[in-house]
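So this block is my_file_0.cif, mmCIF, N, CA and C atoms:
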```cif
data_run
loop_
_atom_site.group_PDB
_atom_site.id
_atom_site.type_symbol
_atom_site.label_atom_id
_atom_site.label_comp_id
_atom_site.auth_asym_id
_atom_site.auth_seq_id
_atom_site.Cartn_x
_atom_site.Cartn_y
_atom_site.Cartn_z
ATOM 1 N N MET A 16 16.276 1.074 -1.371
ATOM 2 C CA MET A 16 15.274 2.060 -1.057
ATOM 3 C C MET A 16 13.980 1.338 -0.703
ATOM 4 N N ARG A 17 13.319 1.783 0.346
ATOM 5 C CA ARG A 17 12.043 1.208 0.778
ATOM 6 C C ARG A 17 10.892 2.135 0.388
ATOM 7 N N VAL A 18 9.927 1.568 -0.311
ATOM 8 C CA VAL A 18 8.800 2.350 -0.839
ATOM 9 C C VAL A 18 7.488 1.692 -0.425
ATOM 10 N N ALA A 19 6.525 2.514 -0.012
ATOM 11 C CA ALA A 19 5.140 2.075 0.146
ATOM 12 C C ALA A 19 4.373 2.649 -1.037
ATOM 13 N N ALA A 20 3.743 1.773 -1.815
ATOM 14 C CA ALA A 20 2.980 2.189 -2.995
ATOM 15 C C ALA A 20 1.497 2.010 -2.706
ATOM 16 N N ILE A 21 0.715 3.062 -2.956
ATOM 17 C CA ILE A 21 -0.714 3.064 -2.638
ATOM 18 C C ILE A 21 -1.503 3.414 -3.895
ATOM 19 N N GLU A 22 -2.535 2.617 -4.178
ATOM 20 C CA GLU A 22 -3.379 2.854 -5.344
ATOM 21 C C GLU A 22 -4.844 2.838 -4.921
ATOM 22 N N THR A 23 -5.557 3.925 -5.210
ATOM 23 C CA THR A 23 -6.977 4.007 -4.841
ATOM 24 C C THR A 23 -7.822 4.612 -5.957
ATOM 25 N N SER A 24 -7.317 4.646 -7.180
ATOM 26 C CA SER A 24 -8.059 5.304 -8.256
ATOM 27 C C SER A 24 -9.060 4.388 -8.951
ATOM 28 N N SER A 25 -9.171 3.149 -8.509
ATOM 29 C CA SER A 25 -10.147 2.231 -9.093
ATOM 30 C C SER A 25 -10.969 1.587 -7.980
ATOM 31 N N ARG A 26 -11.824 0.661 -8.330
ATOM 32 C CA ARG A 26 -12.642 -0.038 -7.343
ATOM 33 C C ARG A 26 -11.766 -0.737 -6.305
ATOM 34 N N ARG A 27 -10.676 -1.327 -6.745
ATOM 35 C CA ARG A 27 -9.758 -2.020 -5.847
ATOM 36 C C ARG A 27 -8.802 -1.009 -5.228
ATOM 37 N N GLY A 28 -8.615 -1.106 -3.947
ATOM 38 C CA GLY A 28 -7.589 -0.321 -3.277
ATOM 39 C C GLY A 28 -6.443 -1.249 -2.955
ATOM 40 N N SER A 29 -5.224 -0.811 -3.176
ATOM 41 C CA SER A 29 -4.092 -1.702 -2.933
ATOM 42 C C SER A 29 -2.904 -0.961 -2.347
ATOM 43 N N VAL A 30 -2.089 -1.746 -1.653
ATOM 44 C CA VAL A 30 -0.866 -1.245 -1.039
ATOM 45 C C VAL A 30 0.220 -2.278 -1.292
ATOM 46 N N ALA A 31 1.407 -1.803 -1.609
ATOM 47 C CA ALA A 31 2.544 -2.706 -1.789
ATOM 48 C C ALA A 31 3.759 -2.113 -1.082
ATOM 49 N N LEU A 32 4.594 -2.978 -0.576
ATOM 50 C CA LEU A 32 5.891 -2.567 -0.043
ATOM 51 C C LEU A 32 6.954 -3.077 -0.997
ATOM 52 N N ILE A 33 7.889 -2.199 -1.334
ATOM 53 C CA ILE A 33 8.934 -2.514 -2.301
ATOM 54 C C ILE A 33 10.279 -2.164 -1.692
ATOM 55 N N HIS A 34 11.230 -3.081 -1.803
ATOM 56 C CA HIS A 34 12.584 -2.834 -1.308
ATOM 57 C C HIS A 34 13.563 -3.067 -2.448
ATOM 58 N N ASP A 35 14.258 -2.019 -2.835
ATOM 59 C CA ASP A 35 15.233 -2.086 -3.930
ATOM 60 C C ASP A 35 14.652 -2.747 -5.185
ATOM 61 N N GLY A 36 13.415 -2.364 -5.531
ATOM 62 C CA GLY A 36 12.784 -2.836 -6.754
ATOM 63 C C GLY A 36 12.063 -4.173 -6.643
ATOM 64 N N GLU A 37 12.138 -4.834 -5.505
ATOM 65 C CA GLU A 37 11.481 -6.124 -5.314
ATOM 66 C C GLU A 37 10.265 -5.962 -4.408
ATOM 67 N N VAL A 38 9.143 -6.570 -4.777
ATOM 68 C CA VAL A 38 7.934 -6.504 -3.959
ATOM 69 C C VAL A 38 8.129 -7.356 -2.706
ATOM 70 N N VAL A 39 7.971 -6.721 -1.562
ATOM 71 C CA VAL A 39 8.112 -7.392 -0.269
ATOM 72 C C VAL A 39 6.753 -7.867 0.227
ATOM 73 N N GLY A 40 5.710 -7.106 -0.062
ATOM 74 C CA GLY A 40 4.366 -7.471 0.366
ATOM 75 C C GLY A 40 3.331 -6.721 -0.437
ATOM 76 N N PHE A 41 2.141 -7.320 -0.527
ATOM 77 C CA PHE A 41 1.050 -6.725 -1.293
ATOM 78 C C PHE A 41 -0.260 -7.076 -0.616
ATOM 79 N N ALA A 42 -1.177 -6.112 -0.544
ATOM 80 C CA ALA A 42 -2.513 -6.363 -0.003
ATOM 81 C C ALA A 42 -3.501 -5.470 -0.739
ATOM 82 N N CYS A 43 -4.740 -5.970 -0.890
ATOM 83 C CA CYS A 43 -5.756 -5.175 -1.565
ATOM 84 C C CYS A 43 -7.124 -5.471 -0.988
ATOM 85 N N HIS A 44 -8.082 -4.625 -1.345
ATOM 86 C CA HIS A 44 -9.474 -4.842 -0.983
ATOM 87 C C HIS A 44 -10.325 -4.514 -2.202
ATOM 88 N N GLN A 45 -11.578 -4.947 -2.193
ATOM 89 C CA GLN A 45 -12.464 -4.780 -3.343
ATOM 90 C C GLN A 45 -13.675 -3.907 -3.042
ATOM 91 N N GLN A 46 -13.664 -3.164 -1.939
ATOM 92 C CA GLN A 46 -14.806 -2.339 -1.564
ATOM 93 C C GLN A 46 -14.646 -0.935 -2.130
ATOM 94 N N ALA A 47 -15.427 -0.623 -3.155
ATOM 95 C CA ALA A 47 -15.258 0.616 -3.916
ATOM 96 C C ALA A 47 -15.372 1.878 -3.073
ATOM 97 N N THR A 48 -16.179 1.873 -2.058
ATOM 98 C CA THR A 48 -16.379 3.095 -1.274
ATOM 99 C C THR A 48 -15.691 3.035 0.079
ATOM 100 N N ALA A 49 -14.697 2.173 0.229
ATOM 101 C CA ALA A 49 -14.078 1.988 1.542
ATOM 102 C C ALA A 49 -12.576 2.251 1.559
ATOM 103 N N HIS A 50 -12.064 2.947 0.563
ATOM 104 C CA HIS A 50 -10.616 3.179 0.540
ATOM 105 C C HIS A 50 -10.128 3.883 1.803
ATOM 106 N N ALA A 51 -10.831 4.896 2.239
ATOM 107 C CA ALA A 51 -10.389 5.667 3.410
ATOM 108 C C ALA A 51 -10.302 4.791 4.654
ATOM 109 N N GLU A 52 -11.216 3.836 4.779
ATOM 110 C CA GLU A 52 -11.229 2.974 5.953
ATOM 111 C C GLU A 52 -10.278 1.792 5.839
ATOM 112 N N ARG A 53 -9.970 1.359 4.635
ATOM 113 C CA ARG A 53 -9.227 0.111 4.461
ATOM 114 C C ARG A 53 -7.739 0.279 4.170
ATOM 115 N N ILE A 54 -7.334 1.379 3.549
ATOM 116 C CA ILE A 54 -5.937 1.514 3.119
ATOM 117 C C ILE A 54 -4.970 1.589 4.293
ATOM 118 N N ALA A 55 -5.254 2.422 5.285
ATOM 119 C CA ALA A 55 -4.334 2.551 6.429
ATOM 120 C C ALA A 55 -4.134 1.223 7.156
ATOM 121 N N PRO A 56 -5.208 0.473 7.459
ATOM 122 C CA PRO A 56 -4.983 -0.829 8.100
ATOM 123 C C PRO A 56 -4.197 -1.813 7.232
ATOM 124 N N LEU A 57 -4.422 -1.782 5.917
ATOM 125 C CA LEU A 57 -3.641 -2.649 5.034
ATOM 126 C C LEU A 57 -2.165 -2.288 5.082
ATOM 127 N N LEU A 58 -1.872 -1.001 5.071
ATOM 128 C CA LEU A 58 -0.479 -0.555 5.148
ATOM 129 C C LEU A 58 0.137 -0.961 6.477
ATOM 130 N N GLU A 59 -0.572 -0.751 7.572
ATOM 131 C CA GLU A 59 -0.059 -1.140 8.889
ATOM 132 C C GLU A 59 0.222 -2.640 8.950
ATOM 133 N N GLN A 60 -0.678 -3.442 8.385
ATOM 134 C CA GLN A 60 -0.501 -4.894 8.364
ATOM 135 C C GLN A 60 0.759 -5.284 7.594
ATOM 136 N N LEU A 61 0.939 -4.701 6.419
ATOM 137 C CA LEU A 61 2.117 -5.028 5.611
ATOM 138 C C LEU A 61 3.407 -4.598 6.297
ATOM 139 N N LEU A 62 3.395 -3.408 6.895
ATOM 140 C CA LEU A 62 4.587 -2.941 7.602
ATOM 141 C C LEU A 62 4.948 -3.893 8.741
ATOM 142 N N ALA A 63 3.938 -4.340 9.491
ATOM 143 C CA ALA A 63 4.190 -5.273 10.593
ATOM 144 C C ALA A 63 4.746 -6.594 10.076
ATOM 145 N N GLU A 64 4.159 -7.118 8.991
ATOM 146 C CA GLU A 64 4.630 -8.380 8.426
ATOM 147 C C GLU A 64 6.067 -8.283 7.924
ATOM 148 N N ALA A 65 6.431 -7.119 7.401
ATOM 149 C CA ALA A 65 7.788 -6.925 6.880
ATOM 150 C C ALA A 65 8.782 -6.551 7.982
ATOM 151 N N GLY A 66 8.259 -6.203 9.152
ATOM 152 C CA GLY A 66 9.139 -5.762 10.235
ATOM 153 C C GLY A 66 9.651 -4.349 10.030
ATOM 154 N N TRP A 67 8.907 -3.564 9.266
ATOM 155 C CA TRP A 67 9.279 -2.182 8.983
ATOM 156 C C TRP A 67 8.425 -1.245 9.821
ATOM 157 N N GLY A 68 8.957 -0.073 10.104
ATOM 158 C CA GLY A 68 8.180 1.003 10.699
ATOM 159 C C GLY A 68 7.980 2.097 9.665
ATOM 160 N N LEU A 69 7.053 2.998 9.929
ATOM 161 C CA LEU A 69 6.839 4.111 8.989
ATOM 162 C C LEU A 69 8.115 4.904 8.762
ATOM 163 N N ALA A 70 8.888 5.083 9.811
ATOM 164 C CA ALA A 70 10.122 5.872 9.697
ATOM 165 C C ALA A 70 11.167 5.205 8.809
ATOM 166 N N SER A 71 11.006 3.911 8.542
ATOM 167 C CA SER A 71 11.988 3.218 7.701
ATOM 168 C C SER A 71 11.711 3.392 6.208
ATOM 169 N N LEU A 72 10.564 3.993 5.866
ATOM 170 C CA LEU A 72 10.233 4.207 4.459
ATOM 171 C C LEU A 72 11.038 5.368 3.886
ATOM 172 N N ASP A 73 11.555 5.188 2.686
ATOM 173 C CA ASP A 73 12.274 6.260 1.991
ATOM 174 C C ASP A 73 11.328 7.082 1.114
ATOM 175 N N ARG A 74 10.282 6.435 0.597
ATOM 176 C CA ARG A 74 9.322 7.105 -0.286
ATOM 177 C C ARG A 74 7.944 6.505 -0.085
ATOM 178 N N ILE A 75 6.941 7.319 -0.420
ATOM 179 C CA ILE A 75 5.566 6.851 -0.528
ATOM 180 C C ILE A 75 5.098 7.227 -1.926
ATOM 181 N N ALA A 76 4.658 6.227 -2.691
ATOM 182 C CA ALA A 76 4.212 6.437 -4.056
ATOM 183 C C ALA A 76 2.704 6.259 -4.112
ATOM 184 N N VAL A 77 2.032 7.103 -4.859
ATOM 185 C CA VAL A 77 0.578 7.008 -4.989
ATOM 186 C C VAL A 77 0.167 7.079 -6.458
ATOM 187 N N GLY A 78 -0.913 6.363 -6.785
ATOM 188 C CA GLY A 78 -1.494 6.457 -8.119
ATOM 189 C C GLY A 78 -2.329 7.719 -8.211
ATOM 190 N N CYS A 79 -2.301 8.376 -9.354
ATOM 191 C CA CYS A 79 -3.000 9.656 -9.524
ATOM 192 C C CYS A 79 -4.238 9.570 -10.396
ATOM 193 N N GLY A 80 -4.646 8.413 -10.796
ATOM 194 C CA GLY A 80 -5.905 8.334 -11.525
ATOM 195 C C GLY A 80 -5.721 7.865 -12.949
ATOM 196 N N PRO A 81 -6.736 8.032 -13.750
ATOM 197 C CA PRO A 81 -7.821 8.972 -13.587
ATOM 198 C C PRO A 81 -8.849 8.536 -12.563
ATOM 199 N N GLY A 82 -9.181 7.248 -12.467
ATOM 200 C CA GLY A 82 -10.104 6.785 -11.443
ATOM 201 C C GLY A 82 -11.452 7.450 -11.506
ATOM 202 N N SER A 83 -12.248 7.179 -10.473
ATOM 203 C CA SER A 83 -13.594 7.746 -10.448
ATOM 204 C C SER A 83 -13.686 8.924 -9.503
#
```
So that I can check it, write out the structure of this file as structure tokens.
Amino acid sequence: MRVAAIETSSRRGSVALIHDGEVVGFACHQQATAHAERIAPLLEQLLAEAGWGLASLDRIAVGCGPGS
């Protein structure tokens, strides 16, 4: 199963790609007010590096907080 995991509930925003329980790629940023601008490009970068397309994802997982 291919999963994109996204976390934005803290100062750090992060994205990971996971395939059958193994981390394939990980990227993060440290700009507290820039999640909206930074997460999509990080995801696109990881997908390109892994050779995956959005359609190849089986799930998208997100952190729910509590965050700020």
Legend entry - Output check: residues returned by the PyMOL selection byres (((chain A and resi 46 and name CA) around 12) and name CA), as a ChimeraX atom specification: /A:23,25-29,43-45,47-54
Inset, instruction - Step by step, work through what the PyMOL selection byres ((chain A and resi 78) around 6.5) selects in the shown file, and finish by giving those residues as a PyMOL selection string. - result: chain A and resi 20-24+76-77+79-80
Inset, instruction - To one decimal in Å, tell me the separation between atom N of Val18 (chain A) and CA of Gly36 (chain A). - result: 8.3 Å
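Listed by chain and then by number, the residues chosen by the PyMOL selection byres (((chain A and resi 71-74 and name CA) around 9) and name CA) in this file are Met16, Arg17, Val18, Ala19, Ala20, Trp67, Gly68, Leu69, Ala70, Ile75 and Ala76 of chain A.
Atom to atom, atom N of Val38 (chain A) and atom N of Pro81 (chain A) stand 23.4 Å apart.
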Legend entry - d(atom C of Glu37 (chain A), atom C of Pro56 (chain A)) in Å: 19.0 Å
Inset, instruction - Return as a VMD selection string the full set of residues in chain A whose backbone-based DSSP assignment is strand (DSSP E or B). - result: chain A and resid 17 to 22 28 to 34 37 to 44 74 to 77
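Per DSSP on the backbone, alpha helix (DSSP H) in chain A comprises His50, Ala51, Glu52, Arg53, Ile54, Ala55, Pro56, Leu57, Leu58, Glu59, Gln60, Leu61, Leu62, Ala63, Glu64 and Ala65 of chain A.
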